[in-house]
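A.B. asks: Got a structure for you, questions after.
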Amino acid sequence: MDLTYPDEAKSFADEVRAFVREKLPHAIRDKVMNGRELERDDNVAWQRILHARGWATPAWPAEYGGPGWTTLQRHMFAEILSEEGAPAFIPFGQEMLAPVLFAVGSREQQQHFLPRIATLEYWFCQGFSEPGAGSDLASLKTRAVLEGDQWVINGQKMWTSTAQNGTHIFLLARTDPAAPKPQMGISMFIFPLAVPGITVRPIITMDGEHHTNEVFFEDVRVPKDAIIGEPNKGWDYAKLLLGHERTTIARVGQSKRQLKRLKKIAGEEMVDGVPLLETPSFRDKVAALEIELMSLDLSVLRMIAGEGKNAPGNEANMVKIKGSEIQQRVTELLVEAVGPAALPYDRAAMHGAGSEDPIGPDYAGTLAASYFMTRVVTIYGGSNEIQRNILAKSLGL
Amino acid sequence: MDFALTETQHLLQDTANRLVRERYGFEERKKILASPAGSSPELWASFAELGLLGIEIAERFGGSEGGFHDLAVVLDAFGRGLVAEPFVPTVVMGAGLISRAGSEAQKAAILPGVAAGTLKLALAYGERRSRYSLNHVETTAKADGDFYVIDGQKSVVLGGDAADQLIVSARTAGKATDPDGISLFLVERGAAGVAIRGYPTVDGTRAAEVTLTGVRVAKTALLGSEDQGLGLVDYAVDRGIAAMCNEALGVMAALNELTLEYLKTRVQFGRPIGKFQVLQHRMVDMEMALEQAKSMAILAAAHVKDGDPRSRAKAISAAKVQIGKSGQVVGRGAIQLHGGIGMTEEYIAAHFFKRLTAIEICFGDIDHHLARFARS
Ligand SMILES: Cc1cc2nc3c(=O)[nH]c(=O)nc-3n(C[C@H](O)[C@H](O)[C@H](O)COP(=O)(O)OP(=O)(O)OC[C@H]3O[C@@H](n4cnc5c(N)ncnc54)[C@H](O)[C@@H]3O)c2cc1C
């Protein structure tokens, strides 16, 4: 057993950190650090900066333009970026769709889409969930029918996040309603959002912001080669893709950044003349959270080190559950930390450079909204109930 | 022991529930919250007509001289409907405090207006640096002949932007955190030197930052005795807590009903999700949390007028802790059990959750009241 990072890992970390500190625009960093909303341009600008350095798609194999890093390097890279206040990757194209394209995409699809995903010229959205198909995704109803050399798509997707910013969608649709099992009649498609027959309607979430959408498909016609892989194999591809979602959803780096912020704020908030962070009850809660996070951090590293040896699926479900619970806990404590200052709703605090004339302390204006929004992390990406069902099954129960 | 509602309470409950049902649907509420004032003068007038604003006020001032348990059933109904009017600041805290500590002249000048719906009140006690402690008062009031001159800033004043009169805590003696030396003053909203910055809070109710710059009030504006205001603030805040505990019951009951209904109707994997045992158990925990809260909200209401401040503090803080914990179990649980739909602004579950979050914060969070309970 040796819990130290090898020397080359340390110098790698130094290099990444120095790069982010030099290249990440201040305005963007400031938004991330203070929990404000990013604009589309912020994500694109940062993606382009990474792309120029060859680091835009850390998880991609070298043959597709990835940096050819080890899993540990990729993990460290993601952690450092989060800790330093870089925007998270828009995951849909590069983290979810790309592995499917590597596995079953046609050569033309790979050549056309991958380079454009890498620069975020193509901004993908994930068109899986529907009003009636959430946890039970296989019950989805959106239909795709082949007519001549075109697929005709009809139906409704729901929760299509970032569709207001997106250029493209990857979509699951039913192509064989008569299949013996619902999973066996689903195909996956990729195409631009700007085709006739698509309507995007915002869904405002309880933080008052526009993160996600309903997308309606009315006789949408896309070319025959908009399908990925083989017809009726979409479910297998979706599983491959969701597996990738679950490993990145632990968000250890983000939680480390948030924990640091929590300590800073709780060090400034005073309770009867004592910093909140020094009151026994709050200090202990922060300590308990920090220990949970340390455990998760090492669990993720163990998962990475053991990759290829054990079945990786299980640990991914576990770190998703733990990671999401920790993310929620930090936001709970952040709200608690500022006391009554969490109450004012100051929409300006969520945007741009923040509120010009904040109602309470500058750091307080976004905290309740972030607490509200973070309830979602135990719901999406496969709810925590579903994750536990999968784990229970894997235990033979 | 008798936990049954009296006839009057049944009547009040029916009245308030009907009003909410008929006049305060989700869409109606949304419209009201989006209006510039964020509240509804018509609704307030109806409260007055139905006698809801004068429940506790003495008959000679236009009220019906009822008890806190009578108020409690109305608050429960308001919780169910997520009524975002400044009822607690005006009726429960403001009028309650005037009734307890006001001079005959002050009562006669204020209480009839409250009962008639023409006068709103707010208690401006919190400050930027006071957090939850009531004795942290940096605002000062200096005697100047027949006047006091008040300077300072009050923060997150619930109902502050709608109030016609503010009850302001200010220091007439001592250092910023001394328990003695705090006095209460009635300040007209339009008085020279009063600046009110109103805003919505995260749950859709309203609050304000109040800045007082050289505000001159007559000696007769003093409420209670000079330097002895802390006990009164404490009393008013305890009333606010007892009120919000009872309001929270309504919120939790309605949210539990909504969630239970959703579990029975939302189908995934070919069956209602309520068939999944893990969701059943969580729903049961939410029901138990509500029952625990109910007991403590009743206790809080019973102790509001407890003559022994320590026994009052113990009961009220215990209730606030329980309501905070129950609110978390019910609020977070409801969102999780609803899945994605629970996250949206278009569906009422999120608004119940937000109100529970605000109630948990208002007047002191769980840690604050655990400490107060232990001290009392
Ligand atoms: C803000 C937001 C963004 C999203 N972004 C996207 C996106 O970009 N693309 C996309 O395709 N989807 C997206 N989703 C959808 C998300 O993946 C679904 O919300 C999720 O799969 C849950 O589905 P549901 O909301 O229909 O809840 P339901 O499946 O109806 O679940 C309701 C409750 O029942 C529980 N439950 C369901 N089945 C079981 C079971 N068998 N055992 C125990 N408990 C069970 C759930 O855990 C949950 O608590 C997003 C959702 C939100 C809220």
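A note on labels: chains of the structure tokens are A, B, ... as shown, every chain counts residues from 1, and ligands are counted from 1 in their shown order.
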Compile the residues of chain B that lie within 8 Å of chain A, evaluated using only C-alpha atoms, and express the compilation as an MDAnalysis selection string.
C.D. replies: chainID B and resid 128:133 156 199:202 207 209 267:269 278 332 335:336 339:340 343:346 350:351 354 358 361:362 364:365 367
A.B. asks: I need the residues in segment 15-202 of chain A that are helix (DSSP H, G or I) according to DSSP; give them as a CSV table (one decimal) with N, CA and C atoms, in the first residue's frame.
C.D. replies:
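The result, written out as result.csv:
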```
chain,number,residue,atom,x,y,z
A,15,GLU,N,1.5,21.2,-13.5
A,15,GLU,CA,1.4,21.8,-14.9
A,15,GLU,C,-0.1,22.2,-15.1
A,16,VAL,N,-1.0,21.3,-14.8
A,16,VAL,CA,-2.4,21.6,-15.0
A,16,VAL,C,-2.8,22.8,-14.2
A,17,ARG,N,-2.4,22.8,-12.9
A,17,ARG,CA,-2.8,23.9,-12.1
A,17,ARG,C,-2.3,25.3,-12.6
A,18,ALA,N,-1.1,25.3,-13.0
A,18,ALA,CA,-0.5,26.5,-13.5
A,18,ALA,C,-1.2,27.0,-14.8
A,19,PHE,N,-1.5,26.0,-15.6
A,19,PHE,CA,-2.3,26.3,-16.8
A,19,PHE,C,-3.6,27.0,-16.5
A,20,VAL,N,-4.4,26.4,-15.7
A,20,VAL,CA,-5.7,26.9,-15.3
A,20,VAL,C,-5.6,28.3,-14.7
A,21,ARG,N,-4.6,28.4,-13.8
A,21,ARG,CA,-4.5,29.7,-13.2
A,21,ARG,C,-4.1,30.8,-14.2
A,22,GLU,N,-3.4,30.4,-15.2
A,22,GLU,CA,-3.0,31.4,-16.2
A,22,GLU,C,-4.1,31.7,-17.2
A,23,LYS,N,-4.7,30.7,-17.7
A,23,LYS,CA,-5.6,30.8,-18.8
A,23,LYS,C,-7.1,31.0,-18.5
A,26,HIS,N,-10.8,35.5,-15.7
A,26,HIS,CA,-11.2,35.8,-14.3
A,26,HIS,C,-12.7,35.9,-14.2
A,27,ALA,N,-13.4,36.5,-15.1
A,27,ALA,CA,-14.8,36.6,-15.0
A,27,ALA,C,-15.5,35.3,-14.9
A,28,ILE,N,-15.0,34.3,-15.7
A,28,ILE,CA,-15.6,33.0,-15.6
A,28,ILE,C,-15.3,32.3,-14.3
A,29,ARG,N,-14.1,32.4,-13.9
A,29,ARG,CA,-13.7,31.8,-12.6
A,29,ARG,C,-14.6,32.4,-11.5
A,30,ASP,N,-14.7,33.7,-11.5
A,30,ASP,CA,-15.5,34.3,-10.5
A,30,ASP,C,-17.0,33.8,-10.4
A,31,LYS,N,-17.5,33.6,-11.6
A,31,LYS,CA,-18.9,33.0,-11.6
A,31,LYS,C,-18.9,31.6,-11.0
A,32,VAL,N,-18.0,30.8,-11.4
A,32,VAL,CA,-18.0,29.4,-10.9
A,32,VAL,C,-17.8,29.4,-9.4
A,33,MET,N,-16.8,30.2,-8.9
A,33,MET,CA,-16.5,30.2,-7.5
A,33,MET,C,-17.7,30.7,-6.6
A,40,ARG,N,-23.7,30.8,-22.2
A,40,ARG,CA,-23.3,29.9,-23.3
A,40,ARG,C,-21.8,30.2,-23.7
A,41,ASP,N,-21.6,31.5,-23.9
A,41,ASP,CA,-20.2,31.9,-24.3
A,41,ASP,C,-19.1,31.5,-23.4
A,42,ASP,N,-19.5,31.5,-22.1
A,42,ASP,CA,-18.4,31.2,-21.1
A,42,ASP,C,-18.0,29.7,-21.3
A,43,ASN,N,-18.9,28.8,-21.5
A,43,ASN,CA,-18.6,27.4,-21.8
A,43,ASN,C,-17.8,27.3,-23.0
A,44,VAL,N,-18.2,27.9,-24.1
A,44,VAL,CA,-17.5,27.8,-25.4
A,44,VAL,C,-16.1,28.4,-25.3
A,45,ALA,N,-16.0,29.5,-24.6
A,45,ALA,CA,-14.7,30.2,-24.5
A,45,ALA,C,-13.7,29.3,-23.8
A,46,TRP,N,-14.1,28.7,-22.7
A,46,TRP,CA,-13.2,27.8,-22.0
A,46,TRP,C,-12.9,26.6,-22.7
A,47,GLN,N,-13.9,26.0,-23.4
A,47,GLN,CA,-13.6,24.8,-24.2
A,47,GLN,C,-12.6,25.1,-25.2
A,48,ARG,N,-12.6,26.2,-25.9
A,48,ARG,CA,-11.7,26.6,-26.9
A,48,ARG,C,-10.3,26.7,-26.3
A,49,ILE,N,-10.2,27.3,-25.1
A,49,ILE,CA,-8.9,27.5,-24.5
A,49,ILE,C,-8.3,26.1,-24.2
A,50,LEU,N,-9.1,25.2,-23.7
A,50,LEU,CA,-8.6,23.8,-23.5
A,50,LEU,C,-8.2,23.2,-24.8
A,51,HIS,N,-9.0,23.4,-25.8
A,51,HIS,CA,-8.8,22.8,-27.1
A,51,HIS,C,-7.4,23.2,-27.7
A,52,ALA,N,-7.1,24.5,-27.5
A,52,ALA,CA,-5.8,25.0,-28.1
A,52,ALA,C,-4.7,24.3,-27.4
A,53,ARG,N,-4.9,23.9,-26.2
A,53,ARG,CA,-3.8,23.2,-25.4
A,53,ARG,C,-3.8,21.7,-25.6
A,62,ALA,N,-6.2,8.6,-27.8
A,62,ALA,CA,-5.3,9.5,-28.6
A,62,ALA,C,-5.7,9.4,-30.0
A,63,GLU,N,-6.2,8.3,-30.5
A,63,GLU,CA,-6.5,8.2,-32.0
A,63,GLU,C,-7.7,9.1,-32.4
A,64,TYR,N,-8.5,9.5,-31.4
A,64,TYR,CA,-9.6,10.4,-31.7
A,64,TYR,C,-9.3,11.8,-31.3
A,71,THR,N,-6.0,6.9,-16.5
A,71,THR,CA,-7.3,7.2,-15.8
A,71,THR,C,-6.9,8.1,-14.6
A,72,LEU,N,-5.8,7.9,-13.9
A,72,LEU,CA,-5.5,8.7,-12.8
A,72,LEU,C,-5.2,10.2,-13.2
A,73,GLN,N,-4.5,10.3,-14.3
A,73,GLN,CA,-4.3,11.7,-14.8
A,73,GLN,C,-5.6,12.4,-15.2
A,74,ARG,N,-6.5,11.6,-15.8
A,74,ARG,CA,-7.8,12.2,-16.1
A,74,ARG,C,-8.6,12.7,-14.9
A,75,HIS,N,-8.5,11.8,-13.9
A,75,HIS,CA,-9.2,12.1,-12.6
A,75,HIS,C,-8.6,13.4,-12.0
A,76,MET,N,-7.3,13.4,-12.0
A,76,MET,CA,-6.6,14.6,-11.4
A,76,MET,C,-6.9,15.9,-12.1
A,77,PHE,N,-6.9,15.7,-13.4
A,77,PHE,CA,-7.2,16.9,-14.3
A,77,PHE,C,-8.6,17.4,-13.9
A,78,ALA,N,-9.6,16.5,-13.9
A,78,ALA,CA,-11.0,17.0,-13.6
A,78,ALA,C,-11.1,17.6,-12.2
A,79,GLU,N,-10.4,17.0,-11.3
A,79,GLU,CA,-10.4,17.6,-9.9
A,79,GLU,C,-9.8,19.0,-9.8
A,80,ILE,N,-8.6,19.1,-10.5
A,80,ILE,CA,-7.9,20.4,-10.4
A,80,ILE,C,-8.8,21.5,-11.1
A,81,LEU,N,-9.3,21.1,-12.2
A,81,LEU,CA,-10.2,22.1,-12.9
A,81,LEU,C,-11.3,22.6,-12.0
A,82,SER,N,-12.0,21.6,-11.4
A,82,SER,CA,-13.1,22.0,-10.5
A,82,SER,C,-12.6,22.9,-9.4
A,83,GLU,N,-11.5,22.4,-8.7
A,83,GLU,CA,-11.1,23.2,-7.6
A,83,GLU,C,-10.7,24.6,-7.9
A,91,PRO,N,-21.3,17.8,-20.6
A,91,PRO,CA,-21.0,16.4,-20.7
A,91,PRO,C,-21.6,15.7,-21.9
A,92,PHE,N,-22.7,16.2,-22.4
A,92,PHE,CA,-23.5,15.4,-23.3
A,92,PHE,C,-22.7,14.9,-24.6
A,93,GLY,N,-22.0,15.8,-25.2
A,93,GLY,CA,-21.3,15.4,-26.4
A,93,GLY,C,-20.1,14.6,-26.1
A,94,GLN,N,-19.2,15.2,-25.3
A,94,GLN,CA,-17.9,14.6,-25.1
A,94,GLN,C,-17.8,13.5,-24.1
A,95,GLU,N,-18.7,13.5,-23.1
A,95,GLU,CA,-18.6,12.4,-22.1
A,95,GLU,C,-19.6,11.3,-22.4
A,96,MET,N,-20.7,11.7,-22.9
A,96,MET,CA,-21.7,10.6,-23.1
A,96,MET,C,-21.8,10.1,-24.5
A,97,LEU,N,-22.0,11.0,-25.5
A,97,LEU,CA,-22.1,10.5,-26.9
A,97,LEU,C,-20.8,10.0,-27.4
A,98,ALA,N,-19.7,10.6,-27.2
A,98,ALA,CA,-18.5,10.3,-27.8
A,98,ALA,C,-18.1,8.8,-27.6
A,99,PRO,N,-18.2,8.2,-26.4
A,99,PRO,CA,-17.9,6.8,-26.2
A,99,PRO,C,-18.7,5.9,-27.1
A,100,VAL,N,-20.0,6.3,-27.4
A,100,VAL,CA,-20.9,5.5,-28.2
A,100,VAL,C,-20.4,5.6,-29.7
A,101,LEU,N,-20.0,6.8,-30.1
A,101,LEU,CA,-19.4,7.0,-31.4
A,101,LEU,C,-18.2,6.2,-31.6
A,102,PHE,N,-17.3,6.2,-30.6
A,102,PHE,CA,-16.1,5.4,-30.7
A,102,PHE,C,-16.5,3.9,-31.0
A,103,ALA,N,-17.5,3.4,-30.2
A,103,ALA,CA,-17.8,2.0,-30.2
A,103,ALA,C,-18.6,1.6,-31.5
A,104,VAL,N,-19.6,2.4,-31.9
A,104,VAL,CA,-20.4,1.9,-33.0
A,104,VAL,C,-20.7,3.0,-34.0
A,107,ARG,N,-17.6,5.6,-39.7
A,107,ARG,CA,-16.4,6.4,-39.9
A,107,ARG,C,-16.8,7.8,-40.2
A,108,GLU,N,-17.8,8.0,-41.0
A,108,GLU,CA,-18.3,9.3,-41.4
A,108,GLU,C,-18.7,10.1,-40.2
A,109,GLN,N,-19.5,9.4,-39.4
A,109,GLN,CA,-20.0,10.0,-38.1
A,109,GLN,C,-18.9,10.5,-37.2
A,110,GLN,N,-17.9,9.6,-37.1
A,110,GLN,CA,-16.8,9.9,-36.2
A,110,GLN,C,-16.0,11.1,-36.8
A,111,GLN,N,-15.8,11.1,-38.1
A,111,GLN,CA,-15.0,12.1,-38.6
A,111,GLN,C,-15.7,13.5,-38.6
A,112,HIS,N,-17.0,13.4,-38.8
A,112,HIS,CA,-17.8,14.6,-38.8
A,112,HIS,C,-18.0,15.2,-37.4
A,113,PHE,N,-18.5,14.4,-36.5
A,113,PHE,CA,-18.9,14.9,-35.3
A,113,PHE,C,-17.8,15.1,-34.2
A,114,LEU,N,-16.9,14.2,-34.1
A,114,LEU,CA,-16.0,14.2,-33.0
A,114,LEU,C,-15.2,15.5,-32.9
A,115,PRO,N,-14.6,16.0,-34.1
A,115,PRO,CA,-13.8,17.3,-34.0
A,115,PRO,C,-14.7,18.4,-33.6
A,116,ARG,N,-16.0,18.4,-34.0
A,116,ARG,CA,-16.9,19.5,-33.7
A,116,ARG,C,-17.4,19.5,-32.3
A,117,ILE,N,-17.5,18.3,-31.7
A,117,ILE,CA,-17.8,18.1,-30.3
A,117,ILE,C,-16.7,18.6,-29.5
A,118,ALA,N,-15.5,18.4,-29.9
A,118,ALA,CA,-14.3,18.8,-29.1
A,118,ALA,C,-14.2,20.3,-28.9
A,119,THR,N,-14.6,21.0,-29.9
A,119,THR,CA,-14.6,22.5,-29.8
A,119,THR,C,-15.9,23.1,-29.3
A,137,LEU,N,-36.9,4.3,-18.3
A,137,LEU,CA,-36.6,4.9,-19.6
A,137,LEU,C,-37.1,4.0,-20.8
A,138,ALA,N,-37.0,2.7,-20.6
A,138,ALA,CA,-37.4,1.8,-21.7
A,138,ALA,C,-38.8,1.9,-22.1
A,139,SER,N,-39.7,2.6,-21.3
A,139,SER,CA,-41.1,2.7,-21.7
A,139,SER,C,-41.3,3.9,-22.6
A,182,PRO,N,-39.6,-4.2,-24.5
A,182,PRO,CA,-39.5,-2.8,-24.9
A,182,PRO,C,-38.1,-2.3,-25.2
A,183,GLN,N,-37.1,-2.9,-24.4
A,183,GLN,CA,-35.7,-2.5,-24.6
A,183,GLN,C,-35.2,-2.8,-26.0
A,184,MET,N,-35.8,-3.8,-26.6
A,184,MET,CA,-35.3,-4.3,-27.9
A,184,MET,C,-35.8,-3.6,-29.1
A,185,GLY,N,-36.7,-2.6,-28.9
A,185,GLY,CA,-37.3,-1.9,-30.0
A,185,GLY,C,-36.9,-0.4,-30.1
```
A.B. asks: Taking the DSSP assignment computed from this structure's backbone, write out as a count of residues only all residues of segment 129-368 of chain A that belong to strand (DSSP E or B).
C.D. replies: 61
A.B. asks: Under the rule that only C-alpha atoms and all ligand atoms are counted, which of B:Val321, B:Met288, B:Gly327, B:Met283 is the nearest residue to ligand 1?
C.D. replies: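 Ranking B:Val321, B:Met288, B:Gly327, B:Met283 by distance to ligand 1, first place goes to B:Met283.
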A.B. asks: Would you kindly return, as a VMD selection string, each protein, DNA or RNA residue with an atom no farther than 12 Å from any atom of segment 19-31 of chain B, considering only C-alpha atoms and excluding same-chain residues fewer than 5 positions away?
C.D. replies: chain B and resid 12 to 14 36 to 40 42 to 47 49 to 50 52 74 to 85 203 to 205 250 345 to 352
A.B. asks: Would you please work out which residue, of B:Gly113, B:Gly274, B:Gly145, B:Gly331, is nearest to ligand 1 when using only C-alpha atoms and all ligand atoms?
C.D. replies: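 Smallest separation from ligand 1 among the options: B:Gly274.
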A.B. asks: For a test of reading the model, state the distance in Å between atom CA of Ala48 of chain B and atom CA of His10 of chain B, rounded to one decimal.
C.D. replies: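 Result for atom CA of Ala48 of chain B versus atom CA of His10 of chain B: 18.3 Å, one decimal.
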A.B. asks: Smallest atom-to-atom distance to ligand 1: which of B:Ala374, B:Ala221, B:Ile273, B:Ala334, using only C-alpha atoms and all ligand atoms?
C.D. replies: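 Going through B:Ala374, B:Ala221, B:Ile273, B:Ala334 one by one, the smallest distance to ligand 1 is for B:Ile273.
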A.B. asks: Find, counting only C-alpha atoms, the residue in B:Leu121, B:Val149, B:Val233, B:Val330 that gets nearest to Ser169 of chain B.
C.D. replies: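 Counting only C-alpha atoms, the residue closest to Ser169 of chain B is B:Val233.
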A.B. asks: List as a tab-separated table (two decimals) with N, CA, C and O atoms, in the first residue's frame the protein and nucleic acid residues near Leu134 of chain B, meaning an atom at most 10 Å away when only C-alpha atoms are counted, but skip any in the same chain fewer than 4 places from it.
C.D. replies:
```tsv
chain	number	residue	atom	x	y	z
B	125	TYR	N	-36.31	44.03	14.07
B	125	TYR	CA	-35.37	43.74	15.17
B	125	TYR	C	-34.02	43.22	14.67
B	125	TYR	O	-33.00	43.46	15.27
B	126	GLY	N	-34.01	42.49	13.55
B	126	GLY	CA	-32.77	41.87	13.08
B	126	GLY	C	-31.85	42.88	12.43
B	126	GLY	O	-32.30	43.88	11.88
B	127	GLU	N	-30.57	42.62	12.48
B	127	GLU	CA	-29.59	43.48	11.82
B	127	GLU	C	-28.60	42.62	11.05
B	127	GLU	O	-28.53	41.41	11.25
B	130	SER	N	-26.55	40.60	13.44
B	130	SER	CA	-27.13	40.02	14.65
B	130	SER	C	-27.40	38.53	14.50
B	130	SER	O	-27.59	37.83	15.47
B	169	SER	N	-36.41	47.98	17.19
B	169	SER	CA	-35.61	47.86	18.41
B	169	SER	C	-34.35	48.71	18.25
B	169	SER	O	-33.71	48.69	17.21
B	177	THR	N	-24.25	44.28	22.41
B	177	THR	CA	-24.86	42.98	22.71
B	177	THR	C	-25.43	42.89	24.13
B	177	THR	O	-25.83	41.81	24.56
B	179	PRO	N	-27.93	42.76	27.10
B	179	PRO	CA	-29.36	42.46	27.16
B	179	PRO	C	-30.18	43.68	27.61
B	179	PRO	O	-31.30	43.86	27.14
B	182	ILE	N	-32.10	48.01	25.57
B	182	ILE	CA	-32.81	47.97	24.29
B	182	ILE	C	-34.22	48.52	24.50
B	182	ILE	O	-34.88	48.17	25.48
B	230	LEU	N	-35.94	44.08	25.49
B	230	LEU	CA	-35.53	42.75	25.02
B	230	LEU	C	-36.59	41.68	25.31
B	230	LEU	O	-36.90	40.84	24.45
B	231	GLY	N	-37.14	41.73	26.52
B	231	GLY	CA	-38.17	40.75	26.88
B	231	GLY	C	-39.36	40.81	25.93
B	231	GLY	O	-39.97	39.79	25.61
B	233	VAL	N	-39.26	41.90	22.71
B	233	VAL	CA	-38.85	41.35	21.40
B	233	VAL	C	-38.90	39.82	21.48
B	233	VAL	O	-39.42	39.14	20.58
B	234	ASP	N	-38.38	39.31	22.57
B	234	ASP	CA	-38.37	37.87	22.79
B	234	ASP	C	-39.80	37.31	22.73
B	234	ASP	O	-40.05	36.28	22.09
B	237	VAL	N	-41.13	37.50	19.10
B	237	VAL	CA	-40.50	36.50	18.24
B	237	VAL	C	-41.02	35.10	18.60
B	237	VAL	O	-41.28	34.28	17.71
B	363	PHE	N	-36.43	33.28	12.42
B	363	PHE	CA	-36.42	33.32	13.89
B	363	PHE	C	-35.46	32.32	14.53
B	363	PHE	O	-35.61	31.99	15.69
```
A.B. asks: Which residues come within 9 Å of segment 108-112 of chain B, counting only C-alpha atoms, excluding same-chain residues fewer than 3 positions away, as a ChimeraX atom specification?
C.D. replies: /B:54,57-58,60-63,95,98-99,103-105,115-119
A.B. asks: Would you please work out which residue, of A:Ile390, A:Leu289, A:Leu301, A:Ala337, is nearest to Asn317 of chain A when using only C-alpha atoms?
C.D. replies: A:Ile390
A.B. asks: Counting only C-alpha atoms, which of B:Ala236, B:Val157, B:Leu123, B:Ala248 gets nearest to Val210 of chain B?
C.D. replies: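 Closest residue, counting only C-alpha atoms: B:Val157.
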A.B. asks: What does the distance from atom CA of Ile298 of chain B to atom CA of Tyr262 of chain B come to in Å, to one decimal?
C.D. replies: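 Those two atoms sit 28.8 Å apart.
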A.B. asks: Work out how far apart atom CA of His369 of chain B and atom CA of Asp285 of chain B are and give it in Å to one decimal.
C.D. replies: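 Going from atom CA of His369 of chain B over to atom CA of Asp285 of chain B covers 22.9 Å.
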A.B. asks: List as JSON, numbers by chain the protein and nucleic acid residues near Glu188 of chain B, meaning an atom at most 9 Å away when only C-alpha atoms are counted, but skip any in the same chain fewer than 3 places from it.
C.D. replies: {"B": [163, 164, 165, 166, 167, 191, 192, 194, 217]}
A.B. asks: Go ahead and save the residues from that selection, with N, CA, C and O atoms, as a PDB file, in the first residue's frame.
C.D. replies:
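Contents of the output file selection.pdb:
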```pdb
ATOM      1  N   ALA B 163     -45.460  47.314   5.603  1.00  0.00           N
ATOM      2  CA  ALA B 163     -45.872  47.835   6.910  1.00  0.00           C
ATOM      3  C   ALA B 163     -46.131  49.338   6.884  1.00  0.00           C
ATOM      4  O   ALA B 163     -45.372  50.098   6.298  1.00  0.00           O
ATOM      5  N   ASP B 164     -47.250  49.754   7.532  1.00  0.00           N
ATOM      6  CA  ASP B 164     -47.505  51.176   7.709  1.00  0.00           C
ATOM      7  C   ASP B 164     -46.745  51.694   8.925  1.00  0.00           C
ATOM      8  O   ASP B 164     -46.367  52.856   8.981  1.00  0.00           O
ATOM      9  N   GLN B 165     -46.569  50.829   9.881  1.00  0.00           N
ATOM     10  CA  GLN B 165     -45.784  51.203  11.060  1.00  0.00           C
ATOM     11  C   GLN B 165     -44.796  50.095  11.378  1.00  0.00           C
ATOM     12  O   GLN B 165     -45.128  48.915  11.311  1.00  0.00           O
ATOM     13  N   LEU B 166     -43.598  50.523  11.750  1.00  0.00           N
ATOM     14  CA  LEU B 166     -42.564  49.565  12.135  1.00  0.00           C
ATOM     15  C   LEU B 166     -42.381  49.636  13.645  1.00  0.00           C
ATOM     16  O   LEU B 166     -42.465  50.719  14.232  1.00  0.00           O
ATOM     17  N   ILE B 167     -42.135  48.481  14.223  1.00  0.00           N
ATOM     18  CA  ILE B 167     -41.736  48.475  15.629  1.00  0.00           C
ATOM     19  C   ILE B 167     -40.233  48.183  15.622  1.00  0.00           C
ATOM     20  O   ILE B 167     -39.808  47.095  15.249  1.00  0.00           O
ATOM     21  N   ALA B 191     -42.062  58.428   7.944  1.00  0.00           N
ATOM     22  CA  ALA B 191     -41.301  59.406   8.730  1.00  0.00           C
ATOM     23  C   ALA B 191     -40.006  59.783   8.012  1.00  0.00           C
ATOM     24  O   ALA B 191     -39.412  58.954   7.304  1.00  0.00           O
ATOM     25  N   ALA B 192     -39.605  61.039   8.193  1.00  0.00           N
ATOM     26  CA  ALA B 192     -38.379  61.490   7.539  1.00  0.00           C
ATOM     27  C   ALA B 192     -37.204  60.657   8.021  1.00  0.00           C
ATOM     28  O   ALA B 192     -37.060  60.400   9.224  1.00  0.00           O
ATOM     29  N   VAL B 194     -36.602  57.475   7.066  1.00  0.00           N
ATOM     30  CA  VAL B 194     -36.856  56.031   6.951  1.00  0.00           C
ATOM     31  C   VAL B 194     -36.763  55.622   5.477  1.00  0.00           C
ATOM     32  O   VAL B 194     -37.465  56.181   4.637  1.00  0.00           O
ATOM     33  N   VAL B 217     -38.605  60.521  16.570  1.00  0.00           N
ATOM     34  CA  VAL B 217     -39.935  60.093  17.014  1.00  0.00           C
ATOM     35  C   VAL B 217     -40.208  60.718  18.388  1.00  0.00           C
ATOM     36  O   VAL B 217     -39.282  60.968  19.161  1.00  0.00           O
TER      37      VAL B 217
END
```
